[in-house]
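Engineer: Contents of coords_20.txt (compact mmCIF, C-alpha atoms) are given next:
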# COMPACT_ATOMS: atom_id res chain seq x y z
CA MET A 260 167.50 236.01 104.89
CA ASN A 261 163.71 236.21 104.72
CA LYS A 262 163.35 232.68 103.22
CA ALA A 263 165.74 231.26 105.70
CA ALA A 264 163.88 232.90 108.56
CA ALA A 265 160.54 231.56 107.24
CA TRP A 266 162.02 228.08 107.00
CA LEU A 267 163.24 228.27 110.54
CA ASP A 268 159.93 229.63 111.82
CA CYS A 269 157.74 226.95 110.03
CA PRO A 270 159.67 223.76 109.52
CA PRO A 271 157.93 221.15 107.36
CA ASN A 272 156.10 218.27 109.09
CA SER A 273 157.01 214.66 108.61
CA ASP A 274 154.56 214.05 105.72
CA GLN A 275 155.72 217.07 103.81
CA HIS A 276 159.29 216.07 104.55
CA SER A 277 158.64 212.59 103.08
CA GLU A 278 157.07 214.02 99.97
CA LEU A 279 159.92 216.47 99.52
CA ALA A 280 162.41 213.72 100.04
CA ALA A 281 160.67 211.48 97.52
CA SER A 282 160.46 214.25 94.93
CA SER A 283 164.04 215.21 95.50
CA SER A 284 165.22 211.64 95.09
CA GLY A 285 163.28 211.29 91.79
CA ARG A 286 161.08 208.37 92.97
CA ALA A 287 157.29 208.34 92.22
CA THR A 288 154.99 207.58 95.08
CA SER A 289 152.41 204.84 94.47
CA LEU A 290 148.81 205.62 95.43
CA PRO A 291 146.34 202.88 96.37
CA PRO A 292 143.94 201.97 93.50
CA ILE A 293 140.43 203.37 93.58
CA ARG A 294 137.91 200.55 93.81
CA PRO A 295 134.24 201.06 92.91
CA ASN A 296 131.69 200.35 95.54
CA SER A 297 130.72 196.68 95.19
CA PRO A 298 127.01 195.88 95.53
CA SER A 299 125.86 194.26 98.67
CA PRO A 300 124.91 190.57 98.50
CA ASN A 301 121.22 191.42 98.90
CA GLN A 302 121.16 194.06 96.14
CA PRO A 303 119.92 192.61 92.77
CA THR A 304 122.17 193.03 89.79
CA LYS A 305 121.10 194.31 86.39
CA ALA A 306 121.26 190.81 84.89
CA SER A 307 119.00 189.39 87.59
CA LYS A 308 116.49 192.21 87.00
CA ILE A 309 116.42 191.43 83.28
CA ARG A 310 115.92 187.72 83.97
CA GLY A 311 113.08 188.51 86.36
CA MET A 312 111.35 190.73 83.80
CA ALA A 313 111.74 188.04 81.13
CA MET A 314 110.22 185.43 83.42
CA ARG A 315 107.26 187.68 84.23
CA LEU A 316 106.72 188.42 80.56
CA ALA A 317 106.82 184.72 79.67
CA LEU A 318 104.34 183.93 82.44
CA ALA A 319 102.03 186.71 81.29
CA MET A 320 102.09 185.38 77.72
CA LEU A 321 101.35 181.88 79.02
CA LEU A 322 98.37 183.16 80.98
CA VAL A 323 97.04 185.04 77.96
CA ALA A 324 97.42 181.92 75.81
CA ALA A 325 95.59 179.85 78.42
CA ALA A 326 92.75 182.37 78.51
CA ALA A 327 92.53 182.44 74.71
CA SER A 328 92.35 178.64 74.58
CA GLN A 329 89.16 178.79 76.64
CA LEU A 330 87.36 180.93 74.07
CA PRO A 331 84.72 179.04 72.07
CA SER A 332 85.97 178.32 68.58
CA ALA A 333 83.94 179.14 65.51
CA ALA A 334 81.50 176.35 64.72
CA VAL A 335 81.93 174.54 61.42
CA ALA A 336 79.09 172.94 59.51
CA ALA A 337 79.31 169.15 59.28
CA ASN A 338 78.70 167.01 56.19
CA TYR A 339 76.78 163.72 56.37
CA THR A 340 76.54 161.15 53.62
CA VAL A 341 73.03 159.80 53.95
CA GLY A 342 73.29 156.06 54.53
CA ASP A 343 77.08 156.31 54.94
CA GLU A 344 78.79 153.85 52.57
CA LYS A 345 75.41 152.40 51.48
CA GLY A 346 74.31 155.74 50.07
CA TRP A 347 70.78 156.63 48.99
CA ASN A 348 69.46 153.23 47.96
CA PRO A 349 66.61 150.81 48.72
CA ASP A 350 66.68 148.43 51.68
CA VAL A 351 68.71 150.76 53.92
CA ASP A 352 67.64 151.51 57.49
CA TYR A 353 67.73 155.28 57.46
CA THR A 354 66.02 155.52 60.85
CA ALA A 355 69.03 153.78 62.38
CA TRP A 356 71.34 156.03 60.39
CA VAL A 357 69.68 159.14 61.86
CA LYS A 358 69.97 157.75 65.39
CA LYS A 359 73.67 157.06 64.77
CA HIS A 360 74.54 160.61 63.71
CA LYS A 361 72.08 162.88 65.51
CA PRO A 362 71.88 165.58 66.67
CA PHE A 363 71.99 167.59 63.47
CA TYR A 364 72.29 171.36 63.50
CA LYS A 365 71.37 174.31 61.38
CA GLY A 366 74.02 174.73 58.69
CA ASP A 367 74.89 171.02 58.34
CA TRP A 368 74.81 169.32 54.95
CA LEU A 369 73.11 166.09 53.86
CA ILE A 370 74.87 164.38 50.94
CA PHE A 371 72.71 162.02 48.89
CA GLU A 372 74.68 159.61 46.68
CA TYR A 373 72.49 157.61 44.30
CA GLN A 374 72.36 155.88 40.93
CA ASN A 375 71.37 158.22 38.14
CA GLY A 376 68.07 157.28 36.52
CA ARG A 377 67.09 154.88 39.29
CA SER A 378 66.59 157.21 42.25
CA ASP A 379 65.71 160.76 43.09
CA VAL A 380 65.60 162.94 46.19
CA VAL A 381 62.27 164.62 46.92
CA GLN A 382 61.73 166.93 49.86
CA VAL A 383 58.19 166.64 51.18
CA ASP A 384 56.21 167.55 54.28
CA GLU A 385 55.32 165.15 57.07
CA VAL A 386 52.17 163.92 55.32
CA GLY A 387 54.05 163.21 52.11
CA TYR A 388 56.72 161.42 54.15
CA ASP A 389 54.22 159.17 55.92
CA ASN A 390 52.29 158.36 52.72
CA CYS A 391 55.30 158.28 50.33
CA ASP A 392 53.50 160.92 48.29
CA LYS A 393 55.30 163.60 46.29
CA ALA A 394 52.15 165.49 45.25
CA ASN A 395 53.04 168.48 47.44
CA ALA A 396 56.80 168.18 47.07
CA LEU A 397 58.88 171.12 48.25
CA SER A 398 61.80 170.24 45.96
CA SER A 399 62.92 167.38 43.74
CA TYR A 400 66.31 166.43 42.37
CA SER A 401 67.49 163.57 40.15
CA LYS A 402 70.42 164.92 38.13
CA GLY A 403 73.92 163.50 38.28
CA HIS A 404 74.89 161.12 41.07
CA THR A 405 75.13 163.43 44.08
CA TYR A 406 72.75 165.85 45.70
CA ALA A 407 73.79 168.12 48.59
CA PHE A 408 71.15 169.70 50.76
CA GLN A 409 71.88 172.23 53.49
CA LEU A 410 69.79 172.37 56.66
CA LYS A 411 69.35 176.12 56.57
CA GLU A 412 66.68 176.33 59.27
CA ALA A 413 66.08 174.71 62.63
CA LYS A 414 63.13 172.46 61.79
CA ASP A 415 62.15 168.97 60.57
CA TYR A 416 63.17 167.85 57.09
CA TYR A 417 61.58 164.97 55.19
CA PHE A 418 62.97 163.25 52.08
CA ILE A 419 61.65 160.36 50.03
CA CYS A 420 62.43 158.55 46.78
CA SER A 421 59.50 158.86 44.39
CA TYR A 422 60.53 155.87 42.24
CA GLY A 423 58.56 153.47 44.42
CA TYR A 424 61.36 152.60 46.81
CA CYS A 425 59.91 154.81 49.53
CA TYR A 426 57.60 151.95 50.49
CA ASN A 427 60.71 149.85 51.15
CA GLY A 428 62.08 152.40 53.58
CA MET A 429 63.92 154.70 51.18
CA LYS A 430 63.02 157.85 53.09
CA VAL A 431 64.68 159.86 55.82
CA HIS A 432 63.51 162.31 58.48
CA VAL A 433 66.07 164.70 60.02
CA THR A 434 65.55 167.30 62.74
CA ALA A 435 67.93 170.26 62.71
CA LYS A 436 68.59 172.14 65.93
CA SER A 437 69.24 175.86 66.13
CA SER A 438 72.71 175.79 67.73
CA GLY A 439 75.91 173.81 67.41
CA SER A 440 77.07 174.55 63.86
CA SER A 441 77.15 177.77 61.88
CA SER A 442 75.32 178.23 58.62
CA SER A 443 77.31 179.18 55.56
CA GLY A 444 74.69 181.78 54.62
CA ASP A 445 74.06 180.60 51.06
CA ASP A 446 70.67 181.50 49.59
CA SER A 447 70.23 178.11 47.91
CA SER A 448 70.13 174.83 49.81
CA SER A 449 71.14 172.23 47.25
CA SER A 450 73.83 171.36 44.70
CA ASP A 451 74.95 168.54 42.42
CA ASP A 452 78.30 167.34 41.13
CA SER A 453 77.23 168.07 37.54
CA SER A 454 75.61 171.45 38.20
CA SER A 455 76.99 174.84 37.19
CA GLY A 456 79.71 176.61 39.14
CA ASP A 457 77.41 179.24 40.66
CA SER A 458 75.47 176.62 42.63
CA PRO A 459 76.37 176.24 46.33
CA SER A 460 78.36 173.23 47.42
CA PRO A 461 79.24 171.77 50.81
CA PRO A 462 82.81 171.73 52.12
CA ALA A 463 85.02 169.23 50.33
CA LYS A 464 85.64 166.96 53.32
CA LYS A 465 82.73 164.73 54.26
CA SER A 466 82.34 164.00 57.94
CA LYS A 467 80.52 160.84 58.94
CA ALA A 468 81.00 161.24 62.67
CA LYS A 469 79.13 163.68 64.83
CA SER A 470 80.57 165.43 67.84
CA SER A 471 78.74 165.56 71.13
CA ASP A 472 76.37 168.32 72.10
CA ALA A 473 77.98 171.73 72.53
CA PRO A 474 78.39 173.03 76.11
CA PRO A 475 75.79 175.53 77.31
CA PRO A 476 76.43 179.07 75.98
CA SER A 477 76.56 180.46 79.53
CA LEU A 478 79.43 178.11 80.42
CA LEU A 479 81.33 178.98 77.26
CA ALA A 480 80.95 182.68 77.96
CA ALA A 481 81.86 182.52 81.66
CA THR A 482 84.95 180.35 81.37
CA PRO A 483 87.16 182.69 79.24
CA ILE A 484 86.08 185.78 81.17
CA ALA A 485 86.97 184.23 84.54
CA THR A 486 90.28 182.93 83.21
CA ALA A 487 91.24 186.30 81.73
CA ALA A 488 90.31 188.11 84.96
CA ALA A 489 92.44 185.74 87.06
CA ALA A 490 95.37 186.17 84.67
CA ALA A 491 95.11 189.97 84.79
CA LEU A 492 94.95 189.96 88.60
CA LEU A 493 98.00 187.73 88.92
CA LEU A 494 99.97 189.79 86.41
CA ASN A 495 99.07 193.01 88.25
CA ARG A 496 100.40 191.57 91.52
CA MET A 497 103.62 190.46 89.86
CA LEU A 498 104.28 193.83 88.34
Kindly present the structure from the file in structure tokens form.
Structural biologist:
Amino acid sequence: MNKAAAWLDCPPNSDQHSELAASSSGRATSLPPIRPNSPSPNQPTKASKIRGMAMRLALAMLLVAAAASQLPSAAVAANYTVGDEKGWNPDVDYTAWVKKHKPFYKGDWLIFEYQNGRSDVVQVDEVGYDNCDKANALSSYSKGHTYAFQLKEAKDYYFICSYGYCYNGMKVHVTAKSSGSSSSGDDSSSSDDSSSGDSPSPPAKKSKAKSSDAPPPSLLAATPIATAAAAALLLNRML
């Protein structure tokens, strides 16, 4: 009686009646699927964020590479065969040869190629150069067939042949400048192809062409700094 009275006092509503009817009939009710919240069209996806970061990283690396390319590279000493293919021989215009290859710089090498027993290479001062006189020679070399002399200081260098050919123009005057090429730092300034292994020798490749004058040091120093600063500023704005 109590349950019946409760049922009569509080009859079920329509929704509860439908659920009771469905459960009593043994049929399962289908619920609508739960769909995740889809991003708005203006909201970036994870893939687009990754692509954006990759593009910024690639641009940053490109800027760093561009800044590094502006840095002055290490200078390399140049080799010059005196007289080019004519070598160190009589009847060669060595004044024209110097004009062709100058300027020369501290650290460069002069390669003298001559006939053994018929020529020598004597370093003299300006007076000995003008008079073809080896009385006060600074150095003399006649061994083998090749003599390599390094311009270790920024100054004038004078060379003659003491076998009498100096009067026929077999002498050369070279002025070495203080900047442009780096010195190798060897204590000795000469070598020969038949000398012992502890003697210094120039780099294997002989260069007969001379590059133009180096840009001013102030320009070389300012260019990479300005480029790196611009790259850092742009990268900071992107990030």
Engineer: What's around Val386 of chain A at 12 Å? Count all atoms listed in the file, leave out sequence neighbours fewer than 3 positions away in its own chain, and write the answer as a PyMOL selection string.
Structural biologist: chain A and resi 382-383+389-396+416-419+432
Engineer: Please indicate the distance in Å from atom CA of Glu372 of chain A to atom CA of Cys420 of chain A, rounded to one decimal place.
Structural biologist: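 Value for the atom CA of Glu372 of chain A-atom CA of Cys420 of chain A distance: 12.3 Å.
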Engineer: Rank nothing, just name the residue among A:Val341, A:Val335, A:Met320, A:Val381 nearest to Cys425 of chain A, using all atoms listed in the file.
Structural biologist: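 Among the listed residues, A:Val381 lies closest to Cys425 of chain A.
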Engineer: Just give me the gap between atom CA of Lys436 of chain A and atom CA of Asp367 of chain A in Å, one decimal is fine.
Structural biologist: 9.9 Å
Engineer: Go ahead and compute the interatomic distance for atom CA of Phe408 of chain A and atom CA of Val351 of chain A, in Å to one decimal.
Structural biologist: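 Separation between atom CA of Phe408 of chain A and atom CA of Val351 of chain A: 19.4 Å.
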Engineer: Using only C-alpha atoms, which residue out of A:Ile370, A:Ala306, A:Met312, A:Leu321 lies closest to Thr405 of chain A?
Structural biologist: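 Selected residue with least distance to Thr405 of chain A: A:Ile370.
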